[in-house]
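model-v5.txt (compact mmCIF, C-alpha atoms and all ligand atoms)
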# COMPACT_ATOMS: atom_id res chain seq x y z
CA MET A 1 19.04 12.05 -5.42
CA ARG A 2 19.34 10.92 -1.79
CA VAL A 3 16.34 8.99 -0.52
CA LEU A 4 15.41 8.18 3.07
CA LEU A 5 12.92 5.32 3.48
CA LEU A 6 10.76 4.79 6.58
CA GLY A 7 9.14 1.37 7.11
CA SER A 8 11.84 -0.34 5.07
CA ASN A 9 11.20 -3.86 6.39
CA GLY A 10 7.51 -3.80 5.50
CA GLN A 11 5.88 -5.30 2.43
CA LEU A 12 6.16 -2.16 0.28
CA GLY A 13 9.42 -0.99 1.87
CA THR A 14 11.08 -4.29 0.95
CA ASP A 15 10.09 -3.94 -2.70
CA ILE A 16 11.26 -0.31 -2.79
CA LEU A 17 14.70 -1.50 -1.65
CA SER A 18 14.70 -4.23 -4.34
CA ALA A 19 13.50 -1.86 -7.06
CA ASN A 20 16.27 0.59 -6.22
CA VAL A 21 18.95 -2.10 -6.51
CA ARG A 22 17.60 -3.00 -9.99
CA ARG A 23 17.87 0.59 -11.23
CA THR A 24 20.56 1.36 -13.80
CA ARG A 25 21.59 4.24 -11.55
CA PRO A 26 20.32 3.43 -8.04
CA PHE A 27 19.39 6.28 -5.75
CA GLU A 28 21.58 6.81 -2.71
CA LEU A 29 19.06 5.22 -0.34
CA ALA A 30 19.17 5.05 3.44
CA ALA A 31 16.55 3.01 5.30
CA LEU A 32 15.21 3.48 8.82
CA ARG A 33 13.40 0.79 10.76
CA ARG A 34 11.24 1.05 13.86
CA GLN A 35 14.29 0.66 16.13
CA ASP A 36 15.87 3.69 14.40
CA LEU A 37 12.73 5.84 14.62
CA ASP A 38 9.46 4.84 16.26
CA VAL A 39 7.08 7.25 14.54
CA SER A 40 4.55 6.96 17.38
CA ALA A 41 7.02 9.14 19.32
CA VAL A 42 6.04 12.15 17.22
CA ASP A 43 8.41 14.55 19.00
CA GLN A 44 11.36 12.36 17.89
CA ILE A 45 10.52 12.63 14.20
CA LYS A 46 11.88 16.08 13.37
CA PRO A 47 15.17 15.75 15.31
CA THR A 48 15.82 12.32 13.78
CA LEU A 49 15.01 13.46 10.25
CA HIS A 50 17.06 16.63 10.67
CA SER A 51 20.08 14.45 11.44
CA HIS A 52 19.85 12.71 8.02
CA ASP A 53 20.65 14.18 4.62
CA PHE A 54 18.00 13.42 2.01
CA ASP A 55 16.19 14.97 -0.94
CA VAL A 56 13.21 12.61 -0.79
CA LEU A 57 11.53 10.98 2.22
CA ILE A 58 9.38 7.93 1.45
CA ASN A 59 6.99 7.06 4.27
CA CYS A 60 5.78 3.45 4.28
CA THR A 61 5.02 3.35 8.02
CA SER A 62 1.44 2.86 9.03
CA TYR A 63 -0.81 1.42 11.68
CA HIS A 64 -3.13 -0.46 9.38
CA LYS A 65 -4.65 -3.38 11.23
CA THR A 66 -8.05 -2.12 10.18
CA ASP A 67 -10.13 -3.94 12.78
CA GLU A 68 -7.75 -3.41 15.71
CA VAL A 69 -7.56 0.30 14.86
CA GLU A 70 -11.31 0.71 15.55
CA THR A 71 -10.57 0.55 19.28
CA ASN A 72 -7.11 2.17 19.08
CA ALA A 73 -7.99 5.43 17.39
CA GLY A 74 -5.48 7.47 19.42
CA LEU A 75 -2.51 5.44 18.21
CA ALA A 76 -3.89 5.33 14.65
CA PHE A 77 -4.18 9.13 14.44
CA THR A 78 -0.72 9.49 16.00
CA ILE A 79 1.02 7.21 13.47
CA ASN A 80 -1.16 7.78 10.40
CA ALA A 81 -1.76 11.52 10.79
CA HIS A 82 0.28 13.50 13.36
CA ALA A 83 3.52 11.66 12.56
CA VAL A 84 2.97 12.34 8.86
CA LYS A 85 2.50 16.05 9.55
CA ALA A 86 5.83 16.10 11.42
CA MET A 87 7.49 14.33 8.46
CA ALA A 88 6.07 16.91 6.04
CA GLU A 89 7.30 19.76 8.25
CA ALA A 90 10.77 18.18 8.42
CA CYS A 91 10.77 17.85 4.61
CA ARG A 92 9.71 21.49 4.19
CA ALA A 93 12.59 22.60 6.44
CA LYS A 94 15.02 20.62 4.28
CA ASN A 95 13.43 21.53 0.95
CA ALA A 96 12.91 17.80 0.40
CA LYS A 97 10.04 15.93 -1.24
CA LEU A 98 7.73 13.68 0.78
CA VAL A 99 6.26 10.55 -0.80
CA HIS A 100 3.52 9.40 1.53
CA ILE A 101 1.58 6.16 1.09
CA SER A 102 -2.16 6.29 1.70
CA THR A 103 -5.12 4.04 1.02
CA ASP A 104 -8.32 3.40 -0.93
CA TYR A 105 -10.05 3.30 2.47
CA VAL A 106 -10.22 7.11 2.46
CA PHE A 107 -13.34 6.56 0.30
CA SER A 108 -16.80 5.43 1.38
CA GLY A 109 -17.06 2.89 -1.42
CA ASN A 110 -20.70 3.74 -2.06
CA ASP A 111 -20.27 5.07 -5.59
CA GLN A 112 -20.03 1.76 -7.53
CA ARG A 113 -17.25 2.99 -9.83
CA PRO A 114 -13.46 3.39 -9.60
CA TYR A 115 -12.52 6.56 -7.73
CA VAL A 116 -10.41 9.31 -9.31
CA GLU A 117 -8.12 11.56 -7.31
CA THR A 118 -10.54 14.50 -7.34
CA ASP A 119 -13.43 12.49 -5.86
CA CYS A 120 -14.56 13.47 -2.39
CA ALA A 121 -13.12 11.27 0.35
CA GLY A 122 -15.51 9.97 3.01
CA PRO A 123 -13.95 7.28 5.18
CA ILE A 124 -16.24 4.85 6.96
CA ASN A 125 -13.74 3.41 9.46
CA VAL A 126 -11.15 4.79 11.89
CA TYR A 127 -8.20 3.61 9.81
CA GLY A 128 -9.49 5.42 6.70
CA ALA A 129 -10.20 8.58 8.72
CA SER A 130 -6.70 8.56 10.23
CA LYS A 131 -5.07 8.09 6.81
CA LEU A 132 -7.19 10.87 5.27
CA MET A 133 -6.13 13.19 8.09
CA GLY A 134 -2.48 12.25 7.38
CA GLU A 135 -2.91 13.16 3.70
CA THR A 136 -4.52 16.47 4.59
CA LEU A 137 -2.05 17.51 7.28
CA ALA A 138 0.94 16.62 5.10
CA ARG A 139 -0.34 18.57 2.10
CA ARG A 140 -1.20 21.58 4.27
CA ALA A 141 2.28 21.54 5.85
CA HIS A 142 4.31 21.29 2.64
CA ASP A 143 3.82 21.88 -1.10
CA ASP A 144 6.19 19.17 -2.29
CA VAL A 145 4.18 16.13 -1.22
CA TYR A 146 3.15 13.10 -3.26
CA VAL A 147 0.27 11.17 -1.73
CA LEU A 148 0.14 7.76 -3.37
CA ARG A 149 -3.06 5.87 -2.55
CA VAL A 150 -2.51 2.13 -2.82
CA ALA A 151 -4.89 -0.78 -2.15
CA SER A 152 -5.06 -4.49 -1.29
CA LEU A 153 -1.31 -5.00 -1.44
CA PHE A 154 0.62 -8.19 -2.07
CA GLY A 155 4.40 -8.35 -2.00
CA VAL A 156 7.05 -10.99 -1.45
CA ALA A 157 7.75 -9.85 2.13
CA GLY A 158 4.09 -10.02 3.25
CA ALA A 159 2.68 -7.18 5.35
CA SER A 160 4.73 -7.01 8.53
CA GLY A 161 1.80 -5.30 10.27
CA LYS A 162 -0.69 -7.98 9.23
CA GLY A 163 1.47 -11.08 9.24
CA GLY A 164 1.25 -12.00 5.56
CA ASN A 165 -0.99 -11.09 2.68
CA PHE A 166 -4.22 -12.24 1.05
CA VAL A 167 -2.45 -14.24 -1.69
CA GLU A 168 -0.53 -16.33 0.84
CA THR A 169 -3.64 -16.85 2.97
CA MET A 170 -5.66 -18.08 -0.01
CA LEU A 171 -2.91 -20.44 -1.16
CA ARG A 172 -2.54 -21.92 2.34
CA VAL A 173 -6.26 -22.41 2.93
CA ALA A 174 -6.82 -23.83 -0.56
CA ARG A 175 -3.99 -26.34 -0.11
CA GLU A 176 -5.03 -27.32 3.43
CA LYS A 177 -8.79 -27.47 3.01
CA GLY A 178 -9.43 -27.76 -0.73
CA GLU A 179 -12.05 -25.06 -0.34
CA VAL A 180 -12.08 -21.33 0.30
CA ARG A 181 -15.07 -19.13 1.05
CA VAL A 182 -14.43 -15.50 0.20
CA VAL A 183 -16.40 -12.28 0.30
CA GLY A 184 -17.91 -11.65 -3.12
CA ASP A 185 -19.60 -8.29 -2.62
CA ILE A 186 -16.61 -6.02 -1.97
CA VAL A 187 -14.78 -4.62 -5.00
CA MET A 188 -11.20 -3.30 -4.81
CA SER A 189 -7.96 -2.92 -6.77
CA PRO A 190 -5.54 -5.79 -6.05
CA THR A 191 -2.04 -4.32 -6.30
CA ALA A 192 1.52 -5.65 -6.28
CA THR A 193 3.95 -3.73 -4.10
CA ALA A 194 6.62 -4.40 -6.76
CA ASP A 195 4.61 -2.26 -9.17
CA VAL A 196 3.96 0.46 -6.57
CA ALA A 197 7.72 0.64 -5.97
CA ASP A 198 8.30 1.12 -9.72
CA MET A 199 5.60 3.81 -9.81
CA ILE A 200 7.25 5.70 -6.94
CA PHE A 201 10.59 5.78 -8.74
CA ALA A 202 8.95 6.72 -12.05
CA VAL A 203 7.13 9.64 -10.40
CA LEU A 204 10.46 10.87 -9.02
CA ASP A 205 12.39 10.26 -12.25
CA LYS A 206 9.80 12.10 -14.30
CA LYS A 207 9.52 14.95 -11.79
CA ALA A 208 5.74 14.60 -11.73
CA GLU A 209 3.63 17.39 -10.27
CA PRO A 210 3.21 16.93 -6.51
CA GLY A 211 -0.31 15.93 -5.44
CA VAL A 212 -2.52 12.89 -5.01
CA TYR A 213 -2.09 9.83 -7.25
CA HIS A 214 -3.83 6.47 -7.31
CA ALA A 215 -0.99 3.93 -7.46
CA VAL A 216 -2.73 0.62 -8.20
CA ASN A 217 -2.60 -2.09 -10.83
CA THR A 218 -5.25 -1.72 -13.52
CA GLY A 219 -8.56 -3.52 -13.25
CA SER A 220 -10.63 -4.35 -10.21
CA ALA A 221 -12.05 -7.45 -8.57
CA THR A 222 -14.11 -8.71 -5.69
CA TRP A 223 -12.11 -10.59 -3.06
CA TYR A 224 -13.83 -13.75 -4.42
CA GLU A 225 -12.63 -13.01 -7.97
CA PHE A 226 -9.13 -12.28 -6.69
CA ALA A 227 -9.08 -15.58 -4.75
CA ARG A 228 -10.37 -17.53 -7.77
CA GLU A 229 -7.59 -16.08 -9.96
CA ILE A 230 -4.90 -16.83 -7.33
CA ILE A 231 -5.96 -20.45 -7.04
CA GLN A 232 -6.40 -20.92 -10.78
CA GLN A 233 -3.01 -19.36 -11.63
CA ALA A 234 -1.31 -21.44 -8.91
CA GLY A 235 -2.90 -24.59 -10.36
CA ILE A 236 -4.44 -25.70 -7.06
CA ASP A 237 -7.46 -28.00 -7.17
CA ALA A 238 -9.80 -26.22 -4.75
CA THR A 239 -13.30 -24.79 -4.87
CA VAL A 240 -13.81 -21.09 -4.33
CA THR A 241 -17.21 -20.01 -3.05
CA PRO A 242 -18.43 -16.42 -2.85
CA ILE A 243 -20.03 -15.36 0.42
CA SER A 244 -21.72 -12.14 1.48
CA SER A 245 -19.83 -9.72 3.72
CA ASP A 246 -22.75 -10.13 6.16
CA GLU A 247 -21.55 -13.72 6.67
CA TYR A 248 -18.06 -12.45 7.61
CA PRO A 249 -18.65 -9.66 10.14
CA THR A 250 -15.63 -7.49 11.03
CA ALA A 251 -15.06 -4.81 13.67
CA ALA A 252 -14.39 -2.18 11.00
CA LYS A 253 -16.77 -1.54 8.12
CA ARG A 254 -15.21 -1.98 4.67
CA PRO A 255 -16.01 0.27 1.70
CA PRO A 256 -18.11 -1.91 -0.65
CA HIS A 257 -16.54 -0.56 -3.86
CA SER A 258 -13.14 1.08 -3.30
CA ALA A 259 -11.52 0.36 -6.68
CA LEU A 260 -9.20 3.18 -7.76
CA ASP A 261 -8.75 4.66 -11.23
CA SER A 262 -5.02 4.89 -11.97
CA ALA A 263 -5.28 6.89 -15.25
CA LYS A 264 -3.60 9.94 -13.68
CA MET A 265 -0.65 7.82 -12.58
CA ALA A 266 -0.51 6.13 -16.01
CA SER A 267 -0.33 9.55 -17.67
CA VAL A 268 2.95 10.06 -15.80
CA VAL A 269 4.52 6.60 -15.68
CA GLY A 270 3.07 4.95 -18.81
CA PRO A 271 0.92 1.80 -19.02
CA ILE A 272 0.35 0.11 -15.65
CA PRO A 273 0.15 -3.72 -15.60
CA SER A 274 -3.14 -5.43 -14.81
CA TRP A 275 -3.53 -7.04 -11.39
CA GLN A 276 -3.72 -10.48 -13.05
CA GLU A 277 -0.32 -9.95 -14.71
CA ALA A 278 1.12 -8.59 -11.46
CA LEU A 279 -0.22 -11.63 -9.60
CA ASN A 280 1.46 -13.95 -12.08
CA ARG A 281 4.80 -12.19 -11.60
CA TYR A 282 4.35 -12.53 -7.83
CA LEU A 283 3.64 -16.27 -8.08
CA VAL A 284 6.70 -16.73 -10.31
CA ALA A 285 8.88 -14.67 -7.92
CA LYS A 286 7.75 -16.83 -5.00
CA GLY A 287 8.44 -20.01 -6.98
CA TYR A 288 4.79 -21.16 -6.90
CA VAL A 289 4.56 -21.28 -10.70
CA THR A 290 7.27 -21.50 -13.30
CA ALA A 291 8.19 -18.90 -15.89
CA GLU A 292 7.01 -21.44 -18.53
CA SER A 293 3.48 -21.45 -17.16
CA GLU A 294 3.69 -17.65 -17.09
CA ALA A 295 4.27 -17.78 -20.84
CA LEU A 296 1.13 -19.89 -21.29
CA LEU A 297 -1.15 -17.33 -19.63
N1 LIG B 301 -1.28 -3.81 3.05
C1 LIG B 301 -2.32 -3.35 2.38
O1 LIG B 301 -3.12 -4.12 1.84
C2 LIG B 301 -2.52 -1.86 2.24
C3 LIG B 301 -3.70 -1.39 1.63
C4 LIG B 301 -3.86 0.00 1.47
C5 LIG B 301 -2.88 0.87 1.92
N2 LIG B 301 -1.76 0.38 2.51
C6 LIG B 301 -0.73 1.32 2.95
O2 LIG B 301 0.48 0.96 2.31
C7 LIG B 301 1.58 1.28 3.16
C8 LIG B 301 2.54 0.11 3.24
O3 LIG B 301 1.82 -1.04 3.66
P1 LIG B 301 2.57 -2.45 3.87
O4 LIG B 301 1.61 -3.50 3.46
O5 LIG B 301 3.91 -2.40 3.27
O6 LIG B 301 2.67 -2.45 5.46
P2 LIG B 301 3.62 -3.31 6.42
O7 LIG B 301 4.23 -4.44 5.71
O8 LIG B 301 2.80 -3.58 7.65
O9 LIG B 301 4.78 -2.27 6.76
C9 LIG B 301 4.56 -1.20 7.62
C10 LIG B 301 5.89 -0.67 8.03
O10 LIG B 301 5.66 0.36 8.99
C11 LIG B 301 6.47 0.12 10.11
N3 LIG B 301 5.89 0.70 11.30
C12 LIG B 301 4.66 0.47 11.83
N4 LIG B 301 4.51 1.18 12.94
C13 LIG B 301 5.68 1.86 13.13
C14 LIG B 301 6.14 2.74 14.12
N5 LIG B 301 5.38 3.10 15.17
N6 LIG B 301 7.39 3.28 13.99
C15 LIG B 301 8.17 2.92 12.94
N7 LIG B 301 7.80 2.07 11.98
C16 LIG B 301 6.55 1.53 12.08
C17 LIG B 301 6.57 -1.38 10.19
O11 LIG B 301 7.64 -1.77 11.01
P3 LIG B 301 7.55 -3.12 11.92
O12 LIG B 301 7.77 -4.26 10.95
O13 LIG B 301 8.62 -2.96 12.91
O14 LIG B 301 6.17 -3.15 12.51
C18 LIG B 301 6.77 -1.71 8.72
O15 LIG B 301 8.10 -1.52 8.34
C19 LIG B 301 0.98 1.75 4.48
O16 LIG B 301 0.94 3.18 4.46
C20 LIG B 301 -0.44 1.24 4.45
O17 LIG B 301 -1.33 2.07 5.17
C21 LIG B 301 -1.55 -0.97 2.69

Could you write out this file's structure as C-alpha cells?
Ligand SMILES: NC(=O)c1ccc[n+]([C@@H]2O[C@H](COP(=O)([O-])OP(=O)(O)OC[C@H]3O[C@@H](n4cnc5c(N)ncnc54)[C@H](OP(=O)(O)O)[C@@H]3O)[C@@H](O)[C@H]2O)c1
Amino acid sequence: MRVLLLGSNGQLGTDILSANVRRTRPFELAALRRQDLDVSAVDQIKPTLHSHDFDVLINCTSYHKTDEVETNAGLAFTINAHAVKAMAEACRAKNAKLVHISTDYVFSGNDQRPYVETDCAGPINVYGASKLMGETLARRAHDDVYVLRVASLFGVAGASGKGGNFVETMLRVAREKGEVRVVGDIVMSPTATADVADMIFAVLDKKAEPGVYHAVNTGSATWYEFAREIIQQAGIDATVTPISSDEYPTAAKRPPHSALDSAKMASVVGPIPSWQEALNRYLVAKGYVTAESEALL
C-alpha cells in the first residue's frame, strides 16, 4: 500500500513516520510538508495530489490554535474544511482512501459522559465548527473516508502549530516554579500520538469499515488530574492546584466534558492503552524517567 502523508513534521505526523519504520513490512510512505503543499492554497491541492501515486492519503494538517482561530475563521475554514473537501475529491478520483484527523472539539461537552461516534456534534468554538465542516464535506465527497477524532495530544515532536504540548509545559513550570495551577473543571481524553499512529495503521491493516472513529487512549481526566499524573510520574516535587476555568479565561470557549469513548476503535484494533500507560511510555521515550521506574508503576 502506498501512503501519502500531509503534515509530516507535526506532532502526529512525526509519530506516523516512526510507526511506519517500526512495521515488519513498512508501507511505501511519501511525506509532504508545507513547502511541498500549502493546503491554504486550496486550488493547488488537487493538481499536487494528482501528481503523486498513493492508495491512502493521511491528512494531519490543521489550523488548530484554538484561541487565535476565533478571530481567523476564514483561514480556519479554508484549512480545516475546504482543503479537506479538495483532498477527499482528489482521493475519490484516484480511488484512494482518505484518513482525516479531527477533534473532540466537534462536541459541545455539555453531556457529562464520554461521547460515542453516533452522538450529535455541536461545536462551541470556531475551531470545532471548522473541523466538523471538514468531516462533513470529506464524507459527502467520498465514501472511502476515515475520520479519526483525536484529543489532547502529546507526542515526542510537540505540536508544531502550538509550540510544544501540555506535558512539556507542565514539566517546565513544575521544575521552574515548584507549583502549577491547572484547570480542574474540564474533562477530556489525554492521548499519545504514538498510539494514534498505531491505530491508523491497524485500521488500514484490518480494512476497517470507513466512517468516524474515536482514536483516543482509554480513560479520561481533568487537565488538573492529567497534570498531577505527569508530575507524579516524572518524580518532580511540586504542588498541583486545581483552578476553575473562570480563573483562566480564554478567547475560545472549551467544551467542559469532551472525553471520547474509543470502544468502536477498540473493536477494530484491540485493547487500547490507558492514557496513564501512554504517558509513562512518553516520559520514558523522552528520557525523563527510566524503564526501571516504568516497571515499578
Ligand atoms: N494537538 C492537539 O492537542 C489536538 C487535539 C485534537 C485534535 N488535533 C488534531 O490532530 C491533528 C494533528 O495535530 P498535531 O498536534 O500533530 O498538530 P501539529 O503538530 O501542529 O501539526 C500540524 C501539521 O500541519 C501542518 N500545516 C499547518 N498548516 C498548514 C498549511 N497551511 N499547509 C500545509 N501544512 C500545514 C504543519 O506544518 P508546519 O509545521 O509547517 O506548520 C504541521 O505539519 C490535527 O488535525 C489537529 O486538528 C490535535

Select the residues contacting ligand LIG 301 (chain B) at a distance of at most 7 Å, based on all atoms listed in the file, then format the selection as a ChimeraX atom specification. /A:6-13,33-34,37-40,60-64,79,101-104,149-154,158-162

Which residue, A:Asn217, A:Thr48, A:Thr193, A:Asn72, has the smallest gap to Val156 (chain A) when you use all atoms listed in the file?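 Among the listed residues, the smallest separation from Val156 (chain A) belongs to A:Thr193.
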
Atomic separation - CA of Phe107 (chain A) relative to CA of Gln276 (chain A), Å: 23.7 Å

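In this structure, CA of Ala41 (chain A) sits 12.5 Å away from CA of Ala81 (chain A).
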
Would you list the residues near (-18.1, -19.5, -6.8), meaning any protein, DNA or RNA residue with an atom at most 9 Å from that point in file coordinates, counting only C-alpha atoms, as an NGL selection string? :A and (181-182 or 184 or 224-225 or 228 or 239-243)

Please save C-alpha atoms of the selected residues as a PDB file, in the coordinates of the input.
ATOM      1  CA  ARG A 181     -15.070 -19.130   1.050  1.00  0.00           C
ATOM      2  CA  VAL A 182     -14.430 -15.500   0.200  1.00  0.00           C
ATOM      3  CA  GLY A 184     -17.910 -11.650  -3.120  1.00  0.00           C
ATOM      4  CA  TYR A 224     -13.830 -13.750  -4.420  1.00  0.00           C
ATOM      5  CA  GLU A 225     -12.630 -13.010  -7.970  1.00  0.00           C
ATOM      6  CA  ARG A 228     -10.370 -17.530  -7.770  1.00  0.00           C
ATOM      7  CA  THR A 239     -13.300 -24.790  -4.870  1.00  0.00           C
ATOM      8  CA  VAL A 240     -13.810 -21.090  -4.330  1.00  0.00           C
ATOM      9  CA  THR A 241     -17.210 -20.010  -3.050  1.00  0.00           C
ATOM     10  CA  PRO A 242     -18.430 -16.420  -2.850  1.00  0.00           C
ATOM     11  CA  ILE A 243     -20.030 -15.360   0.420  1.00  0.00           C
TER      12      ILE A 243
END

Which residue gives the smallest distance to Ala88 (chain A) among A:His50, A:Arg281, A:Arg175, A:Lys65, with all atoms listed in the file counted?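 Of A:His50, A:Arg281, A:Arg175, A:Lys65, the one nearest Ala88 (chain A) is A:His50, counting all atoms listed in the file.
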
Check the smallest atom-to-atom distance from each of A:Lys131, A:Lys85, A:Arg25, A:Arg2 to Val56 (chain A) using all atoms listed in the file, then report the winner.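 That would be A:Arg2, the residue with the smallest distance to Val56 (chain A).
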
Let me have the centre and edge lengths in Å, one decimal, of the box along x, y and z around every listed atom of region 78-84 of chain A with 5 Å of margin on each side, as AutoDock Vina command-line options.
--center_x 0.9 --center_y 10.4 --center_z 12.4 --size_x 15.3 --size_y 16.3 --size_z 17.1

Show which residues sit within 12 Å of Leu137 (chain A), as a PyMOL selection string. Count all atoms listed in the file, and ignore same-chain residues fewer than 2 positions away. chain A and resi 77-78+80-89+100+130-135+139-143+145+147

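Among the candidates A:Ala259, A:Val180, A:Ile230, A:Ala238, the residue lying nearest to Pro114 (chain A) is A:Ala259 (atoms considered: only C-alpha atoms).
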
As a ChimeraX atom specification, please: the residues near Asp67 (chain A) (cut-off 10 Å, all atoms listed in the file, same-chain neighbours under 2 positions excluded). /A:64-65,69-72,125-127,250-254

Just C-alpha atoms for this one: save the residues we selected as a compact mmCIF listing (two decimals), keeping the file's coordinate frame.
# COMPACT_ATOMS: atom_id res chain seq x y z
CA HIS A 64 -3.13 -0.46 9.38
CA LYS A 65 -4.65 -3.38 11.23
CA VAL A 69 -7.56 0.30 14.86
CA GLU A 70 -11.31 0.71 15.55
CA THR A 71 -10.57 0.55 19.28
CA ASN A 72 -7.11 2.17 19.08
CA ASN A 125 -13.74 3.41 9.46
CA VAL A 126 -11.15 4.79 11.89
CA TYR A 127 -8.20 3.61 9.81
CA THR A 250 -15.63 -7.49 11.03
CA ALA A 251 -15.06 -4.81 13.67
CA ALA A 252 -14.39 -2.18 11.00
CA LYS A 253 -16.77 -1.54 8.12
CA ARG A 254 -15.21 -1.98 4.67

Residue neighbourhood Ser262 (chain A), 8 Å, all atoms listed in the file, exclusion window fewer than 2 positions, as a VMD selection string: chain A and resid 116 213 to 218 260 264 to 266

Between CA of Ser189 (chain A) and CA of Asn110 (chain A), what is the distance, to one decimal in Å? 15.1 Å

Counting all atoms listed in the file, select every polymer residue within 10 Å of (6.1, 10.8, -4.1) as defined in the file's coordinates, and provide the selection as a PyMOL selection string. chain A and resi 56-59+97-101+144-148+199-204+207-213

Just the selected residues (C-alpha atoms), exported as a short mmCIF file (atom, residue, chain, number, x, y, z; two decimals), in the coordinates of the input, please.
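Written output follows (out_20.cif):
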data_model
loop_
_atom_site.label_atom_id
_atom_site.label_comp_id
_atom_site.auth_asym_id
_atom_site.auth_seq_id
_atom_site.Cartn_x
_atom_site.Cartn_y
_atom_site.Cartn_z
CA VAL A 56 13.21 12.61 -0.79
CA LEU A 57 11.53 10.98 2.22
CA ILE A 58 9.38 7.93 1.45
CA ASN A 59 6.99 7.06 4.27
CA LYS A 97 10.04 15.93 -1.24
CA LEU A 98 7.73 13.68 0.78
CA VAL A 99 6.26 10.55 -0.80
CA HIS A 100 3.52 9.40 1.53
CA ILE A 101 1.58 6.16 1.09
CA ASP A 144 6.19 19.17 -2.29
CA VAL A 145 4.18 16.13 -1.22
CA TYR A 146 3.15 13.10 -3.26
CA VAL A 147 0.27 11.17 -1.73
CA LEU A 148 0.14 7.76 -3.37
CA MET A 199 5.60 3.81 -9.81
CA ILE A 200 7.25 5.70 -6.94
CA PHE A 201 10.59 5.78 -8.74
CA ALA A 202 8.95 6.72 -12.05
CA VAL A 203 7.13 9.64 -10.40
CA LEU A 204 10.46 10.87 -9.02
CA LYS A 207 9.52 14.95 -11.79
CA ALA A 208 5.74 14.60 -11.73
CA GLU A 209 3.63 17.39 -10.27
CA PRO A 210 3.21 16.93 -6.51
CA GLY A 211 -0.31 15.93 -5.44
CA VAL A 212 -2.52 12.89 -5.01
CA TYR A 213 -2.09 9.83 -7.25
#
